[in-house]
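Chemist: My structure file final_17.csv, CSV, C-alpha atoms, is below:
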chain,number,residue,atom,x,y,z
A,77,MET,CA,102.7,148.5,111.1
A,78,THR,CA,101.4,149.0,107.6
A,79,ASP,CA,99.0,151.8,107.1
A,80,THR,CA,95.7,150.3,106.2
A,81,LYS,CA,94.0,153.7,105.4
A,82,VAL,CA,93.9,153.0,101.7
A,83,LEU,CA,92.4,149.6,102.3
A,84,HIS,CA,89.6,151.0,104.4
A,85,GLU,CA,88.8,153.3,101.5
A,86,PHE,CA,88.0,150.3,99.5
A,87,VAL,CA,85.7,149.1,102.3
A,88,GLU,CA,84.0,152.4,102.3
A,89,LYS,CA,83.5,152.3,98.5
A,90,LEU,CA,82.0,148.8,98.8
A,91,LYS,CA,79.7,150.0,101.5
A,92,ALA,CA,78.6,152.9,99.3
A,93,GLU,CA,77.8,150.3,96.6
A,94,GLU,CA,75.7,148.0,98.8
A,95,ASP,CA,75.5,148.2,102.5
A,96,ALA,CA,74.6,144.5,103.1
A,97,TRP,CA,77.7,143.3,101.4
A,98,ILE,CA,79.8,143.9,104.5
A,99,GLU,CA,79.1,141.9,107.6
A,100,ASP,CA,82.2,142.8,109.5
A,101,VAL,CA,85.6,144.3,108.9
A,102,VAL,CA,88.7,143.2,110.8
A,103,ASP,CA,92.0,145.1,110.7
A,104,SER,CA,95.0,143.4,112.2
A,105,TYR,CA,98.7,143.1,111.4
A,106,GLY,CA,98.3,145.6,108.7
A,107,GLU,CA,95.8,143.4,106.8
A,108,VAL,CA,92.1,144.1,106.3
A,109,THR,CA,89.6,141.3,106.2
A,110,ILE,CA,86.0,141.7,105.1
A,111,TYR,CA,83.4,139.2,106.2
A,112,VAL,CA,81.0,138.9,103.3
A,113,PRO,CA,77.6,137.1,103.3
A,114,ARG,CA,77.8,134.1,101.1
A,115,GLU,CA,75.0,135.2,98.8
A,116,SER,CA,76.9,138.3,97.7
A,117,ILE,CA,80.4,137.0,97.4
A,118,VAL,CA,80.3,136.8,93.6
A,119,ASP,CA,79.0,140.4,93.3
A,120,VAL,CA,81.6,141.7,95.7
A,121,CYS,CA,84.3,140.0,93.7
A,122,TRP,CA,83.0,141.4,90.5
A,123,VAL,CA,82.9,144.9,91.9
A,124,LEU,CA,86.4,144.6,93.4
A,125,LYS,CA,87.8,143.3,90.2
A,126,LYS,CA,86.1,145.6,87.7
A,127,LYS,CA,85.9,148.9,89.7
A,128,HIS,CA,88.7,148.7,92.2
A,129,GLY,CA,91.5,147.0,90.3
A,130,PHE,CA,91.8,143.8,92.3
A,131,ASP,CA,92.5,141.8,89.2
A,132,MET,CA,94.3,138.8,90.8
A,133,LEU,CA,93.0,136.1,93.0
A,134,ALA,CA,96.2,135.3,94.9
A,135,ASP,CA,94.7,132.4,96.9
A,136,LEU,CA,91.5,130.8,97.7
A,137,CYS,CA,91.4,128.3,100.6
A,138,GLY,CA,89.2,126.7,103.1
A,139,VAL,CA,89.4,126.7,106.9
A,140,ASP,CA,87.9,124.2,109.3
A,141,ARG,CA,87.5,126.0,112.6
A,142,GLY,CA,86.7,122.7,114.4
A,143,PRO,CA,83.5,120.6,114.7
A,144,GLU,CA,82.5,122.5,117.9
A,145,GLU,CA,82.5,125.9,116.2
A,146,ASP,CA,79.5,127.4,114.5
A,147,PRO,CA,79.8,128.4,111.7
A,148,ARG,CA,82.4,125.7,111.2
A,149,PHE,CA,83.9,126.5,107.9
A,150,GLU,CA,85.5,129.6,106.3
A,151,VAL,CA,86.4,130.2,102.7
A,152,ASN,CA,89.1,132.8,102.3
A,153,TYR,CA,89.7,134.9,99.2
A,154,HIS,CA,93.1,136.6,99.0
A,155,LEU,CA,92.9,139.4,96.5
A,156,PHE,CA,95.8,141.3,95.1
A,157,SER,CA,95.9,144.3,92.7
A,158,THR,CA,98.7,144.4,90.2
A,159,ILE,CA,97.7,148.0,89.5
A,160,HIS,CA,97.9,149.7,92.9
A,161,TYR,CA,99.6,146.8,94.8
A,162,ASN,CA,97.1,146.3,97.6
A,163,ARG,CA,96.0,143.2,99.2
A,164,LEU,CA,92.5,142.5,100.6
A,165,ARG,CA,91.1,139.4,102.2
A,166,LEU,CA,87.4,138.3,101.9
A,167,LYS,CA,85.9,135.7,104.2
A,168,VAL,CA,82.7,133.7,103.9
A,169,LEU,CA,81.4,131.8,106.8
A,170,LEU,CA,79.6,128.5,106.2
A,171,THR,CA,77.8,126.2,108.5
A,172,GLU,CA,78.5,122.5,108.7
A,173,ASP,CA,75.0,121.5,107.6
A,174,ASP,CA,75.1,123.6,104.4
A,175,PRO,CA,78.7,124.1,103.3
A,176,LYS,CA,77.9,125.7,99.9
A,177,VAL,CA,79.0,128.9,98.3
A,178,LYS,CA,78.8,130.2,94.7
A,179,THR,CA,81.8,129.7,92.6
A,180,VAL,CA,84.0,132.7,91.6
A,181,THR,CA,85.4,131.0,88.5
A,182,THR,CA,83.2,133.4,86.6
A,183,VAL,CA,85.3,136.2,88.0
A,184,TRP,CA,88.8,134.7,88.0
A,185,LYS,CA,89.5,131.6,85.9
A,186,THR,CA,92.2,130.6,88.4
A,187,ALA,CA,89.6,129.9,91.1
A,188,ASN,CA,88.8,126.6,89.3
A,189,TRP,CA,91.6,124.5,90.8
A,190,HIS,CA,91.6,126.3,94.1
A,191,GLU,CA,87.9,125.5,94.6
A,192,ARG,CA,88.5,122.0,93.6
A,193,GLU,CA,91.2,121.7,96.2
A,194,THR,CA,88.9,123.3,98.8
A,195,TYR,CA,86.2,120.9,97.9
A,196,ASP,CA,88.6,117.9,98.0
A,197,LEU,CA,90.1,118.6,101.4
A,198,PHE,CA,87.2,120.3,103.3
A,199,GLY,CA,84.1,119.1,101.5
A,200,ILE,CA,82.9,122.7,100.7
A,201,PHE,CA,80.7,122.7,97.7
A,202,PHE,CA,81.0,125.5,95.1
A,203,ASP,CA,77.7,126.0,93.2
A,204,ASN,CA,77.9,126.3,89.4
A,205,HIS,CA,81.6,125.2,89.4
A,206,PRO,CA,82.3,123.9,85.9
A,207,ASP,CA,84.2,120.7,87.0
A,208,LEU,CA,83.9,120.1,90.8
A,209,ARG,CA,85.8,116.9,91.4
A,210,ARG,CA,88.7,115.8,93.5
A,211,ILE,CA,92.1,117.2,92.5
A,212,LEU,CA,94.7,115.9,95.1
A,213,LEU,CA,93.2,112.9,96.7
A,214,PRO,CA,92.4,109.7,94.8
A,215,SER,CA,89.1,109.8,93.1
A,216,ASP,CA,87.6,107.0,95.3
A,217,PHE,CA,88.7,108.6,98.5
A,218,ASP,CA,86.3,108.5,101.4
A,219,GLY,CA,85.9,111.7,103.3
A,220,HIS,CA,87.7,115.0,103.3
A,221,ALA,CA,91.2,114.8,104.7
A,222,LEU,CA,91.8,118.2,106.2
A,223,ARG,CA,88.7,118.3,108.3
A,224,LYS,CA,89.5,118.4,112.0
A,225,ASP,CA,87.5,115.3,112.7
A,226,TYR,CA,89.1,113.2,110.0
A,227,PRO,CA,91.0,110.3,111.5
A,228,LEU,CA,94.8,110.3,110.8
A,229,ARG,CA,94.7,106.8,109.3
A,230,GLY,CA,91.6,107.4,107.3
A,231,TYR,CA,88.4,105.5,107.3
A,232,GLU,CA,88.9,101.7,107.2
A,233,PRO,CA,88.8,99.6,105.3
A,234,TYR,CA,90.4,101.1,102.4
A,235,SER,CA,90.3,99.3,99.1
A,236,LEU,CA,94.1,98.5,99.3
A,237,ASN,CA,93.6,95.6,101.6
B,40,MET,CA,149.0,83.6,73.3
B,41,GLY,CA,145.9,85.1,74.8
B,42,LEU,CA,143.6,83.7,77.5
B,43,GLU,CA,141.1,82.6,75.0
B,44,ASN,CA,143.5,80.3,73.3
B,45,GLN,CA,144.4,78.6,76.5
B,46,ILE,CA,140.7,78.1,77.4
B,47,PHE,CA,140.0,76.9,73.9
B,48,GLU,CA,142.7,74.3,74.3
B,49,SER,CA,141.9,73.2,77.8
B,50,LEU,CA,138.1,73.0,77.6
B,51,PRO,CA,136.2,70.2,76.0
B,52,ASP,CA,133.8,71.0,73.1
B,53,ILE,CA,130.7,70.0,75.1
B,54,ILE,CA,130.0,70.7,78.8
B,55,THR,CA,127.0,69.2,80.6
B,56,VAL,CA,125.4,71.5,83.2
B,57,LYS,CA,122.0,72.1,84.7
B,58,LEU,CA,120.0,74.5,82.5
B,59,ASP,CA,118.8,76.4,85.6
B,60,ALA,CA,122.4,77.0,86.7
B,61,VAL,CA,123.4,78.6,83.4
B,62,ILE,CA,120.3,80.7,82.9
B,63,ASN,CA,120.2,81.9,86.4
B,64,TRP,CA,123.8,82.8,86.3
B,65,ALA,CA,123.1,84.8,83.1
B,66,ARG,CA,120.1,86.5,84.7
B,67,LYS,CA,121.8,87.4,88.0
B,68,SER,CA,124.8,88.8,86.3
B,69,SER,CA,122.9,91.3,84.4
B,70,LEU,CA,120.1,92.8,86.5
B,71,TRP,CA,118.6,95.9,84.9
B,72,PRO,CA,116.7,98.0,87.4
B,73,ALA,CA,113.9,100.3,86.3
B,74,THR,CA,114.5,104.0,86.7
B,75,PHE,CA,111.9,104.6,89.3
B,76,GLY,CA,112.6,106.9,92.3
B,77,LEU,CA,109.9,107.8,94.8
B,78,ALA,CA,111.5,109.7,97.6
B,79,CYS,CA,114.8,110.4,99.4
B,80,CYS,CA,115.8,106.7,99.1
B,81,ALA,CA,116.1,107.4,95.4
B,82,ILE,CA,119.0,109.7,96.2
B,83,GLU,CA,120.8,106.8,97.8
B,84,MET,CA,119.9,104.6,94.9
B,85,MET,CA,121.5,107.0,92.5
B,86,ASN,CA,124.5,107.2,94.8
B,87,SER,CA,124.9,103.4,94.7
B,88,VAL,CA,125.6,103.5,91.0
B,89,SER,CA,128.0,106.4,91.3
B,90,ALA,CA,131.7,106.1,91.3
B,91,ARG,CA,132.2,105.5,95.0
B,92,ASN,CA,129.9,102.5,95.3
B,93,ASP,CA,129.7,101.4,91.7
B,94,LEU,CA,126.9,98.9,91.5
B,95,SER,CA,128.1,97.9,88.1
B,96,ARG,CA,130.7,95.6,89.7
B,97,PHE,CA,127.7,93.4,90.4
B,98,GLY,CA,126.1,93.8,87.1
B,99,ALA,CA,123.1,95.9,88.1
B,100,GLU,CA,124.0,99.4,87.0
B,101,THR,CA,122.0,99.7,83.8
B,102,PHE,CA,119.0,101.7,84.9
B,103,ARG,CA,116.4,101.6,82.1
B,104,ALA,CA,114.0,104.4,81.5
B,105,SER,CA,111.4,102.0,80.2
B,106,PRO,CA,109.9,99.2,82.4
B,107,ARG,CA,109.7,97.1,79.3
B,108,GLN,CA,113.5,96.7,79.4
B,109,ALA,CA,113.9,96.3,83.1
B,110,ASP,CA,113.8,93.3,85.4
B,111,VAL,CA,114.3,94.7,88.8
B,112,MET,CA,112.1,97.3,90.4
B,113,ILE,CA,113.7,99.2,93.3
B,114,VAL,CA,110.8,100.8,95.2
B,115,SER,CA,112.8,103.6,96.7
B,116,GLY,CA,110.6,105.6,99.0
B,117,ARG,CA,107.1,105.9,100.4
B,118,VAL,CA,104.3,104.9,98.1
B,119,SER,CA,101.3,107.1,98.3
B,120,ARG,CA,97.9,105.7,97.7
B,121,LYS,CA,97.6,107.7,94.6
B,122,MET,CA,101.0,106.4,93.4
B,123,ALA,CA,100.1,102.8,94.1
B,124,PRO,CA,98.3,102.1,90.9
B,125,VAL,CA,101.0,103.8,88.9
B,126,LEU,CA,103.6,101.6,90.6
B,127,ARG,CA,101.6,98.5,90.0
B,128,ARG,CA,101.2,99.4,86.3
B,129,ILE,CA,105.0,99.9,86.0
B,130,TYR,CA,105.4,96.5,87.6
B,131,ASP,CA,103.0,94.9,85.2
B,132,GLN,CA,104.8,96.4,82.2
B,133,MET,CA,108.0,94.8,83.2
B,134,PRO,CA,108.5,91.4,81.4
B,135,GLU,CA,109.3,88.3,83.3
B,136,PRO,CA,111.6,87.5,84.9
B,137,LYS,CA,111.2,90.4,87.3
B,138,TRP,CA,112.0,91.0,90.9
B,139,VAL,CA,111.2,93.7,93.4
B,140,ILE,CA,113.4,95.3,96.1
B,141,SER,CA,111.6,97.2,98.8
B,142,MET,CA,114.1,99.9,99.8
B,143,GLY,CA,113.9,101.6,103.1
B,144,ALA,CA,111.4,101.7,106.0
B,145,CYS,CA,108.7,103.6,104.1
B,146,ALA,CA,108.4,101.2,101.2
B,147,THR,CA,108.6,98.2,103.6
B,148,SER,CA,106.1,99.3,106.2
B,149,GLY,CA,105.0,102.8,105.7
B,150,GLY,CA,107.7,104.0,108.1
B,151,VAL,CA,106.9,107.1,110.0
B,152,PHE,CA,104.1,107.9,107.6
B,153,ASP,CA,101.3,106.1,109.4
B,154,ASN,CA,98.5,108.1,107.8
B,155,TYR,CA,95.8,108.0,105.2
B,156,ALA,CA,98.0,109.1,102.3
B,157,ILE,CA,100.7,106.4,102.4
B,158,VAL,CA,100.4,102.7,101.6
B,159,GLN,CA,101.6,100.8,104.7
B,160,GLY,CA,104.1,98.6,102.9
B,161,VAL,CA,104.5,98.2,99.1
B,162,ASP,CA,103.9,94.4,99.5
B,163,LYS,CA,100.2,95.3,99.5
B,164,VAL,CA,100.6,96.3,95.8
B,165,VAL,CA,103.4,94.2,94.4
B,166,PRO,CA,105.2,91.0,95.5
B,167,VAL,CA,108.5,91.8,97.1
B,168,ASP,CA,111.7,89.7,97.0
B,169,ILE,CA,114.1,91.7,99.2
B,170,TYR,CA,113.4,94.2,102.0
B,171,ILE,CA,116.0,96.7,103.0
B,172,PRO,CA,115.7,98.4,106.4
B,173,GLY,CA,117.0,101.9,107.1
B,174,CYS,CA,115.9,105.5,106.7
B,175,PRO,CA,117.3,105.8,104.2
B,176,PRO,CA,119.5,102.7,103.7
B,177,ARG,CA,123.1,103.4,102.8
B,178,PRO,CA,124.2,102.6,99.3
B,179,GLU,CA,126.1,99.6,100.6
B,180,MET,CA,122.9,98.1,101.9
B,181,LEU,CA,121.3,98.4,98.4
B,182,VAL,CA,124.4,96.8,96.9
B,183,HIS,CA,124.1,94.0,99.6
B,184,ALA,CA,120.4,93.6,98.7
B,185,ILE,CA,121.3,93.2,95.0
B,186,MET,CA,123.8,90.5,96.0
B,187,MET,CA,121.2,88.8,98.2
B,188,LEU,CA,118.8,89.0,95.2
B,189,GLN,CA,121.5,87.3,93.1
B,190,GLU,CA,121.8,84.5,95.6
B,191,LYS,CA,118.0,84.1,95.5
B,192,ILE,CA,118.0,84.1,91.7
B,193,MET,CA,120.6,81.2,91.7
B,194,ASN,CA,118.1,79.1,93.7
B,195,GLU,CA,115.2,79.6,91.4
B,196,SER,CA,114.0,77.4,88.6
B,197,VAL,CA,113.4,78.6,85.0
B,198,LYS,CA,110.0,77.1,85.2
B,199,ASP,CA,109.0,79.5,87.9
B,200,ARG,CA,109.3,82.5,85.7
B,201,HIS,CA,107.1,83.1,82.7
B,202,ASP,CA,104.8,85.8,81.4
B,203,THR,CA,101.1,85.6,82.0
B,204,PHE,CA,99.2,84.2,79.1
B,205,GLU,CA,97.8,86.8,76.8
B,206,LYS,CA,94.1,85.9,77.4
B,207,GLU,CA,94.5,86.1,81.1
B,208,SER,CA,96.3,89.4,81.1
B,209,ARG,CA,93.7,90.8,78.7
B,210,GLU,CA,90.8,90.0,80.9
B,211,SER,CA,92.4,91.3,84.1
B,212,ILE,CA,92.0,94.9,85.2
B,213,VAL,CA,94.3,97.5,86.4
B,214,PRO,CA,95.2,97.1,90.1
B,215,GLY,CA,92.7,97.0,92.8
B,216,THR,CA,93.5,100.1,94.6
B,217,LEU,CA,92.4,103.2,92.7
B,218,PRO,CA,92.2,103.9,89.0
B,219,VAL,CA,94.9,106.0,87.5
B,220,THR,CA,92.6,107.4,85.0
B,221,GLU,CA,88.9,106.9,84.3
B,222,GLY,CA,89.9,103.6,82.8
B,223,THR,CA,90.0,102.3,79.3
B,224,GLN,CA,87.2,100.6,77.4
B,225,LEU,CA,88.9,97.3,77.8
B,226,GLU,CA,88.9,97.6,81.6
B,227,ALA,CA,85.3,98.7,81.6
B,228,LYS,CA,84.3,95.5,79.7
B,229,SER,CA,86.2,93.3,82.2
B,230,LYS,CA,83.8,91.1,84.0
B,231,ASN,CA,86.0,89.7,86.8
B,232,ALA,CA,87.0,92.9,88.4
B,233,GLU,CA,86.1,91.7,91.8
B,234,ASN,CA,88.2,88.6,92.2
B,235,LYS,CA,91.3,89.9,90.4
B,236,PRO,CA,92.9,92.6,92.5
B,237,TYR,CA,96.1,92.7,90.3
B,238,THR,CA,96.5,93.1,86.7
B,239,VAL,CA,98.8,90.2,86.0
B,240,PRO,CA,99.3,87.7,88.8
B,241,SER,CA,103.0,87.1,89.1
B,242,ARG,CA,104.7,83.9,90.0
B,243,HIS,CA,104.9,85.0,93.7
B,244,GLU,CA,101.3,85.7,93.9
B,245,LYS,CA,100.3,82.4,92.4
B,246,ARG,CA,102.6,80.6,94.7
B,247,ARG,CA,101.3,82.5,97.7
B,248,SER,CA,97.8,81.4,97.0
B,249,SER,CA,98.5,77.8,96.3
So that I can check it, write out the structure of this file as C-alpha cells.
Modeler:
Amino acid sequence: MTDTKVLHEFVEKLKAEEDAWIEDVVDSYGEVTIYVPRESIVDVCWVLKKKHGFDMLADLCGVDRGPEEDPRFEVNYHLFSTIHYNRLRLKVLLTEDDPKVKTVTTVWKTANWHERETYDLFGIFFDNHPDLRRILLPSDFDGHALRKDYPLRGYEPYSLN
Amino acid sequence: MGLENQIFESLPDIITVKLDAVINWARKSSLWPATFGLACCAIEMMNSVSARNDLSRFGAETFRASPRQADVMIVSGRVSRKMAPVLRRIYDQMPEPKWVISMGACATSGGVFDNYAIVQGVDKVVPVDIYIPGCPPRPEMLVHAIMMLQEKIMNESVKDRHDTFEKESRESIVPGTLPVTEGTQLEAKSKNAENKPYTVPSRHEKRRSS
C-alpha cells in the first residue's frame, strides 16, 4: 500500500489555512479524498494550485449515487502535481434539488469541457461557467443520459419519428 | 483483325432500343459509392473492394471522397442520433440518381444498440433500397447487395430519377432530427420547417407518400 503520509500533510496544511474547508477525509487504497463544502471548492483549488503545487486537473467528473441517496450527486476533482508527483481527490456533495457548484475554470482552463460534460450527462450546473452547454449529446436532447433514473431508450417521442 | 473490326462489320449503323434499358445499363455498370464508414461494417466494406473480393468486377469499386461524385451510399454501421443529420446531409449532397444500401443489423434496425443514442434503423433518416442482414455482413453479402441493386436499377425508369427543383430545395431545411450546427441564415428564414422533415425529398419519399 502506498504511503499516504505526504498526502495527509497537504490536508493538514489546508486545515491550517481554513478549518471549514475540510468536511471529511477518506484514506483508502493509498488515495486520499477530501470532502469539501461546495461554497469553498474554488478557494481550496486555488490554494492547492498556488501554494501546494497541484498544477494539473487530471479529471473532473460527476457521480450519480442513485435517486434514493441524499445527497444524490458528487463532483470529483482529481488533482495531480507535476512538481512533486502526488495525487489528491476532492469531492463535493450536491443534493438533487440544487445541483449547483461554482466553476473551477478560473483555476484550470481545462475544467471547461469537463464541466460541460458533467452538465451534459448529469445535469449538474456550474455557476459562472463561460459556456455551459451540451458537449456530447445532441443539442436538443431531453434529459441527462447518465443519471440512474434515465430510461435506456430515452424519453419518447424523440424528434426522429 | 481485331474484335472491333468484326463488330463494326456485323452490326448495323442504327440500333433501336428502349432508352431506359440503355441508361440503366450504363448506370448499373458504374456505381460509385461514397466513402462513408460508420462502424465495424466499414471494415468489411473496405475488404469487399480489396483483392480477394474485388467489387470492381461489378463496377462499384470507385469510392469517392466527395458525395457530389457518388451515387450509392453504403450506410455501414450504427447511426447515432448525433450522426443522423450529418448522414442526411451527405445523402442530400449526392446528385440523382442515388441509392442507399443499409449494411448490417445496426444500420437496418439498430441491432443490439436499443438505446437512446442510436437511431433504430437508418430508414428513419434516408430512404433505403437494399438491406443487408448480418453483424457484420461478409464482403460477399455486400457484393450480392450491389448485384441486387443492379437488378433493381434495371427495372427502374429514367423518369423516376431527377434532382429536386432549385426552388424547392432552397426552401427546405436540414433534416428533421437535430441541427448539425446552429443553422445557417437560409435555414432560419425557412417558413415550412414543420411539414418538411427532410431537406430534399427524394423519389422514394415522394412515391411513398403518394
Chemist: Excluding Ser68 (chain B) and residues on its chain fewer than 3 positions from it, collect all residues at most 8 Å away from it, counting only C-alpha atoms, and give them as a PDB file with C-alpha atoms, in the frame of the given file.
Modeler:
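The result, stored in selection_37.pdb:
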ATOM      1  CA  TRP B  64     123.800  82.800  86.300  1.00  0.00           C
ATOM      2  CA  ALA B  65     123.100  84.800  83.100  1.00  0.00           C
ATOM      3  CA  PHE B  97     127.700  93.400  90.400  1.00  0.00           C
ATOM      4  CA  GLY B  98     126.100  93.800  87.100  1.00  0.00           C
ATOM      5  CA  ALA B  99     123.100  95.900  88.100  1.00  0.00           C
ATOM      6  CA  GLN B 189     121.500  87.300  93.100  1.00  0.00           C
TER       7      GLN B 189
END
Chemist: Using all atoms listed in the file for the distances, tell me which of B:Ala109, B:Ala81, B:Asn154, B:Ile169 is nearest to Ile192 (chain B).
Modeler: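 Of the candidates, the smallest distance to Ile192 (chain B) is held by B:Ile169.
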Chemist: At a cut-off of 9 Å, using only C-alpha atoms, what residues contact region 104-119 of chain A? Leave out same-chain residues fewer than 2 positions from it and give the result as a PDB file with C-alpha atoms, keeping the file's coordinate frame.
Modeler:
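Below you can see selection39.pdb, which holds the result:
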ATOM      1  CA  MET A  77     102.700 148.500 111.100  1.00  0.00           C
ATOM      2  CA  THR A  78     101.400 149.000 107.600  1.00  0.00           C
ATOM      3  CA  ASP A  79      99.000 151.800 107.100  1.00  0.00           C
ATOM      4  CA  THR A  80      95.700 150.300 106.200  1.00  0.00           C
ATOM      5  CA  LEU A  83      92.400 149.600 102.300  1.00  0.00           C
ATOM      6  CA  HIS A  84      89.600 151.000 104.400  1.00  0.00           C
ATOM      7  CA  VAL A  87      85.700 149.100 102.300  1.00  0.00           C
ATOM      8  CA  ALA A  96      74.600 144.500 103.100  1.00  0.00           C
ATOM      9  CA  TRP A  97      77.700 143.300 101.400  1.00  0.00           C
ATOM     10  CA  ILE A  98      79.800 143.900 104.500  1.00  0.00           C
ATOM     11  CA  GLU A  99      79.100 141.900 107.600  1.00  0.00           C
ATOM     12  CA  ASP A 100      82.200 142.800 109.500  1.00  0.00           C
ATOM     13  CA  VAL A 101      85.600 144.300 108.900  1.00  0.00           C
ATOM     14  CA  VAL A 102      88.700 143.200 110.800  1.00  0.00           C
ATOM     15  CA  CYS A 121      84.300 140.000  93.700  1.00  0.00           C
ATOM     16  CA  TRP A 122      83.000 141.400  90.500  1.00  0.00           C
ATOM     17  CA  VAL A 123      82.900 144.900  91.900  1.00  0.00           C
ATOM     18  CA  LEU A 124      86.400 144.600  93.400  1.00  0.00           C
ATOM     19  CA  ARG A 163      96.000 143.200  99.200  1.00  0.00           C
ATOM     20  CA  LEU A 164      92.500 142.500 100.600  1.00  0.00           C
ATOM     21  CA  ARG A 165      91.100 139.400 102.200  1.00  0.00           C
ATOM     22  CA  LEU A 166      87.400 138.300 101.900  1.00  0.00           C
ATOM     23  CA  LYS A 167      85.900 135.700 104.200  1.00  0.00           C
ATOM     24  CA  VAL A 168      82.700 133.700 103.900  1.00  0.00           C
ATOM     25  CA  LEU A 169      81.400 131.800 106.800  1.00  0.00           C
ATOM     26  CA  LEU A 170      79.600 128.500 106.200  1.00  0.00           C
ATOM     27  CA  LYS A 176      77.900 125.700  99.900  1.00  0.00           C
ATOM     28  CA  VAL A 177      79.000 128.900  98.300  1.00  0.00           C
ATOM     29  CA  LYS A 178      78.800 130.200  94.700  1.00  0.00           C
ATOM     30  CA  THR A 179      81.800 129.700  92.600  1.00  0.00           C
ATOM     31  CA  VAL A 180      84.000 132.700  91.600  1.00  0.00           C
ATOM     32  CA  THR A 182      83.200 133.400  86.600  1.00  0.00           C
ATOM     33  CA  VAL A 183      85.300 136.200  88.000  1.00  0.00           C
TER      34      VAL A 183
END
Chemist: Choose the residue, out of B:Arg120, B:Arg128, B:Arg177, B:Lys198, that has the smallest atom-to-atom separation from chain A; count all atoms listed in the file.
Modeler: B:Arg120
Chemist: What separation in Å, quoted to one decimal, exists between CA of Arg107 (chain B) and CA of Ala73 (chain B)?
Modeler: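 One can read the CA of Arg107 (chain B) to CA of Ala73 (chain B) distance as 8.8 Å.
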Chemist: Which residue out of B:Asp110, B:Glu43, B:Asp131, B:Asp199 has the minimum interatomic distance to Arg66 (chain B) when all atoms listed in the file are used?
Modeler: B:Asp110
